Amino acid sequence: MTGNQGQWITVDDQGRLCVPSRPVIGFIEGDGTGPDIWRAAQRVLDAAVRAAYQGSREIVWKELLAGEKAFARTGQWLPDQTVEDIRKCVVAIKGPLTTPVGGGMRSLNVTLRQVLDLYACVRPVRWVRGVPSPMKHPERVNMVVFRENTEDVYAGIEWPAGSREAEKVRAFLCEELGVCVREQAGIGIKPISRFGTERLVRRAIRYALQHGLPSVTLVHKGNIMKYTEGAFRQWGYELAAREFPDKTVTEEELENRWNGQAPQGTVVLKDRIADAMFQQALLRPEEYHVLATPNLNGDYLSDALAAQVGGLGMAPGANIGDRCALFEATHGTAPKYAGLDKVNPSSVLLSGAMMLDHLGWNEAARLVERALERTVSDKIVTYDLARMMDGAREVKCSQFADAVIERLAP
Ligand SMILES: NC(=O)C1=CN([C@@H]2O[C@H](COP(=O)(O)OP(=O)(O)OC[C@H]3O[C@@H](n4cnc5c(N)ncnc54)[C@H](OP(=O)(O)O)[C@@H]3O)[C@@H](O)[C@H]2O)C=CC1
Ligand SMILES: O=C(O)CCC(=O)C(=O)O
Ligand SMILES: [Mg+2]
């Protein structure tokens, strides 16, 4: 029990959640447009839980500080208490947090993923009926990105051009390894490990098997970055052959052994070079289901795929580890709209629906999704969708939440 009558979620030794009827769930409001979208989403999530369970279940929210609000109140951008509280809550949800470009502090979003070891960034990209899209057939886009969340160039190992450290690394490379890097070059390191790759690909394959999805595609740039992205591909295939020998077939096996028909209950494991994957996602989206990617490819791909189903306002996500999960939209703080009660809260709302599914509260999750779809079908939308839609009624972020709540009733 906690002071406010909520109860802690616990995790058993198999990694399964034990969710009480009044779980304490942490939330970080976020910077920029974060407070607007969070307030809107929180109201809808509470209403959906009430509608689904008539008071027998309820989320007890616990605010956790990070970003500008944390700095203003504590002098720290990411207080240790926040990290500790997410560990304690096991499940939390956050708004976007600002990261300065070209200097200043490292990303708080990336730091949270690293310190909590939330190694899989899971971003489902699915079209909601009625949402305007640049695709002729947005309904064909239905993919889940599994992005490695702790390694790659996001590891934060880099030095500015001309710094003592960059010069030292340059000298080492030249003297010890015979590799010359131009003077006045900024230097970054891109670590990709077998361990990090295997746990991500394992999770992606398990997800595809559990959800009956036909394929998992490893998205890499292994022709150029042979020992990082190329290794990601290689380790992914090796993991599948070792741990899922009867459950995965490669494209080669599919053709040579199975005549193009994958056996029942198996997943086809493919790989695509990242640049080609972007055009495949536009031209033949129906051939892709789960995408397993290193960190940077997944970052780029998830925003591009979001555009195919209506934009960043419709793009949910989750950062998942073996114990904790932190849900968040794919997009950032959209600072030019901060405080205007304008942007689309659907991404964080759909992230909330993912969170409800994670808790096993599937009924409430389905209510959220259905009410959102009904609202868009009634052409009640925020500015981002309104500008692509004929005859839409453009509403504010908070009014959109009101409209979704009105449509929650079964
Ligand atoms: N996980 C996180 O917390 C993330 C944080 N960031 C951080 O956010 C800051 C801003 O990044 P930026 O590159 O501008 O990217 P953003 O994702 O914040 O915004 C880019 C554009 O996407 C559209 N958009 C974003 N959110 C919404 C929404 N809820 N509804 C409708 N449209 C939306 C807007 O398009 P339009 O202009 O066409 O209206 C916006 O200008 C940076 O500091 C960055 O580091 C970025 C990504 C993730
Ligand atoms: O941390 C940031 O500021 C950006 C992160 C990002 O773009 C993402 O996670 O998709
Ligand atoms: Mg991104």
# chains A, B, ... in the order shown; residues from 1 in each chain; ligands from 1
$ residues_near_ligand --ligand "ligand 3" --cutoff "10 Å" --atoms "only C-alpha atoms and all ligand atoms" --output "JSON, numbers by chain"
{"A": [295, 296, 297, 298, 299, 300, 301, 302, 303, 304, 312, 329, 330, 331, 332]}
$ write_last_selection --atoms "N, CA and C atoms" --output "mmCIF file, in the first residue's frame"
data_model
loop_
_atom_site.group_PDB
_atom_site.id
_atom_site.type_symbol
_atom_site.label_atom_id
_atom_site.label_comp_id
_atom_site.auth_asym_id
_atom_site.auth_seq_id
_atom_site.Cartn_x
_atom_site.Cartn_y
_atom_site.Cartn_z
ATOM 1 N N ASN A 295 19.474 1.346 -33.095
ATOM 2 C CA ASN A 295 18.853 2.537 -32.517
ATOM 3 C C ASN A 295 18.563 3.654 -33.537
ATOM 4 N N LEU A 296 19.562 4.042 -34.325
ATOM 5 C CA LEU A 296 19.361 5.189 -35.222
ATOM 6 C C LEU A 296 18.386 4.870 -36.357
ATOM 7 N N ASN A 297 18.529 3.684 -36.947
ATOM 8 C CA ASN A 297 17.597 3.323 -38.023
ATOM 9 C C ASN A 297 16.154 3.351 -37.512
ATOM 10 N N GLY A 298 15.968 2.861 -36.300
ATOM 11 C CA GLY A 298 14.616 2.804 -35.731
ATOM 12 C C GLY A 298 14.075 4.192 -35.454
ATOM 13 N N ASP A 299 14.941 5.097 -35.055
ATOM 14 C CA ASP A 299 14.515 6.478 -34.791
ATOM 15 C C ASP A 299 14.005 7.103 -36.087
ATOM 16 N N TYR A 300 14.809 7.008 -37.142
ATOM 17 C CA TYR A 300 14.407 7.591 -38.431
ATOM 18 C C TYR A 300 13.143 6.908 -38.976
ATOM 19 N N LEU A 301 13.181 5.580 -38.943
ATOM 20 C CA LEU A 301 12.060 4.838 -39.546
ATOM 21 C C LEU A 301 10.742 5.105 -38.837
ATOM 22 N N SER A 302 10.791 5.219 -37.507
ATOM 23 C CA SER A 302 9.515 5.341 -36.807
ATOM 24 C C SER A 302 8.838 6.681 -37.105
ATOM 25 N N ASP A 303 9.594 7.763 -37.294
ATOM 26 C CA ASP A 303 8.949 9.027 -37.684
ATOM 27 C C ASP A 303 8.428 8.944 -39.125
ATOM 28 N N ALA A 304 9.223 8.332 -40.017
ATOM 29 C CA ALA A 304 8.795 8.240 -41.426
ATOM 30 C C ALA A 304 7.535 7.373 -41.541
ATOM 31 N N LEU A 312 3.004 12.488 -36.861
ATOM 32 C CA LEU A 312 3.517 12.226 -35.511
ATOM 33 C C LEU A 312 2.444 12.361 -34.435
ATOM 34 N N ALA A 329 5.033 8.824 -26.451
ATOM 35 C CA ALA A 329 4.790 9.053 -27.873
ATOM 36 C C ALA A 329 6.117 9.012 -28.631
ATOM 37 N N THR A 330 6.010 8.801 -29.947
ATOM 38 C CA THR A 330 7.210 8.818 -30.800
ATOM 39 C C THR A 330 7.748 10.237 -30.977
ATOM 40 N N HIS A 331 6.854 11.212 -30.928
ATOM 41 C CA HIS A 331 7.273 12.584 -31.257
ATOM 42 C C HIS A 331 7.935 13.298 -30.077
ATOM 43 N N GLY A 332 8.406 14.521 -30.369
ATOM 44 C CA GLY A 332 9.048 15.321 -29.340
ATOM 45 C C GLY A 332 8.129 16.405 -28.793
#
$ closest_atom_pairs --of "chain A" --to "ligand 2" --cutoff "6 Å" --atoms "only C-alpha atoms and all ligand atoms" --output "tab-separated table"
residue	atom	partner	partner_atom_place_in_ligand_line	distance
A:Thr98	CA	ligand 2	3 (O)	5.5
A:Thr99	CA	ligand 2	3 (O)	4.4
A:Ser107	CA	ligand 2	1 (O)	4.6
A:Asn109	CA	ligand 2	1 (O)	4.5
A:Val110	CA	ligand 2	1 (O)	5.3
A:Asp299	CA	ligand 2	10 (O)	4.9
A:Thr330	CA	ligand 2	10 (O)	5.4
$ write_last_selection --atoms "C-alpha atoms" --output "PDB file, in the first residue's frame"
ATOM      1  CA  THR A  98      13.542  18.662 -24.730  1.00  0.00           C
ATOM      2  CA  THR A  99      17.127  17.958 -25.803  1.00  0.00           C
ATOM      3  CA  SER A 107      19.019  13.578 -23.892  1.00  0.00           C
ATOM      4  CA  ASN A 109      14.839  10.485 -22.866  1.00  0.00           C
ATOM      5  CA  VAL A 110      17.859   8.452 -23.887  1.00  0.00           C
ATOM      6  CA  ASP A 299      14.515   6.478 -34.791  1.00  0.00           C
ATOM      7  CA  THR A 330       7.210   8.818 -30.800  1.00  0.00           C
TER       8      THR A 330
END
$ atom_distance --atom1 "atom 5 (C, counted along the ligand's line) of ligand 1" --atom2 "CA of Ala40 (chain A)"
18.6 Å
$ select_by_dssp --residues "region 268-332 of chain A" --states "helix (DSSP H, G or I)" --output "ChimeraX atom specification"
/A:274-283,285-287,295-308,312-314
$ write_last_selection --atoms "C-alpha atoms" --output "PDB file, in the first residue's frame"
ATOM      1  CA  ALA A 274      18.041   0.584 -44.302  1.00  0.00           C
ATOM      2  CA  ASP A 275      17.823   3.010 -47.227  1.00  0.00           C
ATOM      3  CA  ALA A 276      15.962   0.467 -49.361  1.00  0.00           C
ATOM      4  CA  MET A 277      13.654  -0.237 -46.429  1.00  0.00           C
ATOM      5  CA  PHE A 278      12.308   3.313 -46.530  1.00  0.00           C
ATOM      6  CA  GLN A 279      11.126   2.899 -50.109  1.00  0.00           C
ATOM      7  CA  GLN A 280       9.772  -0.590 -49.441  1.00  0.00           C
ATOM      8  CA  ALA A 281       7.746   0.825 -46.549  1.00  0.00           C
ATOM      9  CA  LEU A 282       6.091   3.245 -48.966  1.00  0.00           C
ATOM     10  CA  LEU A 283       5.669   0.989 -51.978  1.00  0.00           C
ATOM     11  CA  PRO A 285       4.138  -1.890 -46.817  1.00  0.00           C
ATOM     12  CA  GLU A 286       1.955  -5.004 -46.659  1.00  0.00           C
ATOM     13  CA  GLU A 287       5.078  -7.193 -46.913  1.00  0.00           C
ATOM     14  CA  ASN A 295      18.853   2.537 -32.517  1.00  0.00           C
ATOM     15  CA  LEU A 296      19.361   5.189 -35.222  1.00  0.00           C
ATOM     16  CA  ASN A 297      17.597   3.323 -38.023  1.00  0.00           C
ATOM     17  CA  GLY A 298      14.616   2.804 -35.731  1.00  0.00           C
ATOM     18  CA  ASP A 299      14.515   6.478 -34.791  1.00  0.00           C
ATOM     19  CA  TYR A 300      14.407   7.591 -38.431  1.00  0.00           C
ATOM     20  CA  LEU A 301      12.060   4.838 -39.546  1.00  0.00           C
ATOM     21  CA  SER A 302       9.515   5.341 -36.807  1.00  0.00           C
ATOM     22  CA  ASP A 303       8.949   9.027 -37.684  1.00  0.00           C
ATOM     23  CA  ALA A 304       8.795   8.240 -41.426  1.00  0.00           C
ATOM     24  CA  LEU A 305       6.322   5.405 -40.872  1.00  0.00           C
ATOM     25  CA  ALA A 306       4.246   7.648 -38.602  1.00  0.00           C
ATOM     26  CA  ALA A 307       3.840  10.030 -41.545  1.00  0.00           C
ATOM     27  CA  GLN A 308       2.365   7.190 -43.585  1.00  0.00           C
ATOM     28  CA  LEU A 312       3.517  12.226 -35.511  1.00  0.00           C
ATOM     29  CA  GLY A 313       0.251  13.094 -33.802  1.00  0.00           C
ATOM     30  CA  MET A 314      -0.792   9.459 -34.293  1.00  0.00           C
TER      31      MET A 314
END
$ residues_around --residues "Trp235 (chain A)" --least-positions-apart "4" --cutoff "10 Å" --atoms "only C-alpha atoms" --output "ChimeraX atom specification"
/A:193-198,201,229-231,239-241
$ atom_distance --atom1 "CA of Gln234 (chain A)" --atom2 "CA of Leu200 (chain A)"
13.4 Å
$ residues_around --residues "region 126-137 of chain A" --least-positions-apart "2" --cutoff "7 Å" --atoms "only C-alpha atoms" --output "JSON, numbers by chain"
{"A": [124, 139, 140, 141, 142, 143, 308, 309, 310, 373, 376, 377, 385, 388, 389]}
$ write_last_selection --atoms "N, CA and C atoms" --output "PDB file, in the first residue's frame"
ATOM      1  N   PRO A 124       4.348   0.670 -32.532  1.00  0.00           N
ATOM      2  CA  PRO A 124       3.409   0.144 -33.524  1.00  0.00           C
ATOM      3  C   PRO A 124       2.970   1.255 -34.469  1.00  0.00           C
ATOM      4  N   GLU A 139      -4.288   1.624 -45.019  1.00  0.00           N
ATOM      5  CA  GLU A 139      -4.669   0.422 -44.268  1.00  0.00           C
ATOM      6  C   GLU A 139      -3.654  -0.711 -44.467  1.00  0.00           C
ATOM      7  N   ARG A 140      -2.816  -0.583 -45.487  1.00  0.00           N
ATOM      8  CA  ARG A 140      -1.794  -1.614 -45.718  1.00  0.00           C
ATOM      9  C   ARG A 140      -0.571  -1.430 -44.819  1.00  0.00           C
ATOM     10  N   VAL A 141      -0.498  -0.283 -44.171  1.00  0.00           N
ATOM     11  CA  VAL A 141       0.653  -0.026 -43.282  1.00  0.00           C
ATOM     12  C   VAL A 141       0.295  -0.541 -41.887  1.00  0.00           C
ATOM     13  N   ASN A 142       0.945  -1.583 -41.471  1.00  0.00           N
ATOM     14  CA  ASN A 142       0.678  -2.161 -40.155  1.00  0.00           C
ATOM     15  C   ASN A 142       1.952  -2.850 -39.687  1.00  0.00           C
ATOM     16  N   MET A 143       2.818  -2.075 -39.095  1.00  0.00           N
ATOM     17  CA  MET A 143       4.139  -2.595 -38.703  1.00  0.00           C
ATOM     18  C   MET A 143       4.413  -2.231 -37.253  1.00  0.00           C
ATOM     19  N   GLN A 308       3.191   7.986 -42.676  1.00  0.00           N
ATOM     20  CA  GLN A 308       2.365   7.190 -43.585  1.00  0.00           C
ATOM     21  C   GLN A 308       0.971   6.911 -43.016  1.00  0.00           C
ATOM     22  N   VAL A 309       0.826   7.029 -41.708  1.00  0.00           N
ATOM     23  CA  VAL A 309      -0.496   6.791 -41.115  1.00  0.00           C
ATOM     24  C   VAL A 309      -1.077   8.072 -40.503  1.00  0.00           C
ATOM     25  N   GLY A 310      -0.600   9.231 -40.982  1.00  0.00           N
ATOM     26  CA  GLY A 310      -1.244  10.475 -40.569  1.00  0.00           C
ATOM     27  C   GLY A 310      -0.359  11.437 -39.814  1.00  0.00           C
ATOM     28  N   GLU A 373     -11.196   6.279 -32.717  1.00  0.00           N
ATOM     29  CA  GLU A 373     -11.607   6.065 -34.113  1.00  0.00           C
ATOM     30  C   GLU A 373     -12.965   6.712 -34.394  1.00  0.00           C
ATOM     31  N   VAL A 376     -12.485  10.511 -34.807  1.00  0.00           N
ATOM     32  CA  VAL A 376     -11.904  10.885 -36.105  1.00  0.00           C
ATOM     33  C   VAL A 376     -12.933  10.649 -37.219  1.00  0.00           C
ATOM     34  N   SER A 377     -13.693   9.564 -37.114  1.00  0.00           N
ATOM     35  CA  SER A 377     -14.717   9.295 -38.139  1.00  0.00           C
ATOM     36  C   SER A 377     -15.763  10.393 -38.166  1.00  0.00           C
ATOM     37  N   LEU A 385      -4.535  16.969 -38.350  1.00  0.00           N
ATOM     38  CA  LEU A 385      -5.371  16.158 -39.241  1.00  0.00           C
ATOM     39  C   LEU A 385      -6.340  17.054 -39.999  1.00  0.00           C
ATOM     40  N   MET A 388      -5.450  18.255 -43.419  1.00  0.00           N
ATOM     41  CA  MET A 388      -5.410  17.274 -44.518  1.00  0.00           C
ATOM     42  C   MET A 388      -6.795  16.693 -44.820  1.00  0.00           C
ATOM     43  N   MET A 389      -7.817  17.248 -44.181  1.00  0.00           N
ATOM     44  CA  MET A 389      -9.137  16.604 -44.232  1.00  0.00           C
ATOM     45  C   MET A 389     -10.179  17.578 -44.738  1.00  0.00           C
TER      46      MET A 389
END
$ closest_residue --among "A:Gly32, A:Pro138, A:Gly265, A:Gly188" --to "ligand 1" --atoms "only C-alpha atoms and all ligand atoms"
A:Gly32
$ closest_residue --among "A:Cys174, A:Ala338, A:Leu97, A:Ile86" --to "ligand 1" --atoms "only C-alpha atoms and all ligand atoms"
A:Leu97
$ closest_residue --among "A:Gly391, A:Gly222, A:Gly311, A:Gly352" --to "Val91 (chain A)" --atoms "only C-alpha atoms"
A:Gly352
$ residues_around --residues "Trp361 (chain A)" --least-positions-apart "2" --cutoff "12 Å" --atoms "only C-alpha atoms" --output "JSON, numbers by chain"
{"A": [17, 19, 20, 21, 22, 23, 45, 48, 49, 50, 51, 52, 53, 56, 57, 58, 59, 352, 353, 354, 355, 356, 357, 358, 359, 363, 364, 365, 366, 367, 368]}
$ write_last_selection --atoms "C-alpha atoms" --output "compact mmCIF listing (two decimals), in the first residue's frame"
# COMPACT_ATOMS: atom_id res chain seq x y z
CA LEU A 17 3.46 -8.36 -13.79
CA VAL A 19 -1.22 -5.74 -11.17
CA PRO A 20 -3.42 -4.72 -8.23
CA SER A 21 -6.82 -3.12 -8.83
CA ARG A 22 -5.48 0.34 -7.86
CA PRO A 23 -1.93 0.36 -9.23
CA LEU A 45 -7.41 7.09 -19.74
CA ALA A 48 -11.83 4.63 -20.13
CA VAL A 49 -10.85 2.69 -17.01
CA ARG A 50 -14.03 3.89 -15.27
CA ALA A 51 -16.15 2.92 -18.28
CA ALA A 52 -14.55 -0.51 -18.56
CA TYR A 53 -14.51 -1.48 -14.87
CA SER A 56 -13.50 -1.82 -9.54
CA ARG A 57 -10.19 -0.71 -11.06
CA GLU A 58 -8.52 2.68 -11.01
CA ILE A 59 -5.09 4.10 -11.78
CA GLY A 352 -1.60 4.94 -22.79
CA ALA A 353 -3.69 2.26 -24.54
CA MET A 354 -0.49 0.24 -25.02
CA MET A 355 0.14 0.71 -21.31
CA LEU A 356 -3.34 -0.56 -20.44
CA ASP A 357 -2.67 -3.66 -22.58
CA HIS A 358 0.65 -4.10 -20.76
CA LEU A 359 -1.29 -4.11 -17.46
CA GLU A 363 -11.02 -3.87 -22.21
CA ALA A 364 -10.07 -0.29 -21.33
CA ALA A 365 -7.43 -0.21 -24.08
CA ARG A 366 -10.00 -1.26 -26.70
CA LEU A 367 -12.43 1.42 -25.45
CA VAL A 368 -9.76 4.09 -25.94
$ closest_residue --among "A:Lys62, A:Arg113, A:Arg233, A:Arg272" --to "ligand 1" --atoms "only C-alpha atoms and all ligand atoms"
A:Arg113
$ closest_residue --among "A:Ala208, A:Ile192, A:Leu326, A:Ile405" --to "Asp152 (chain A)" --atoms "only C-alpha atoms"
A:Ile192
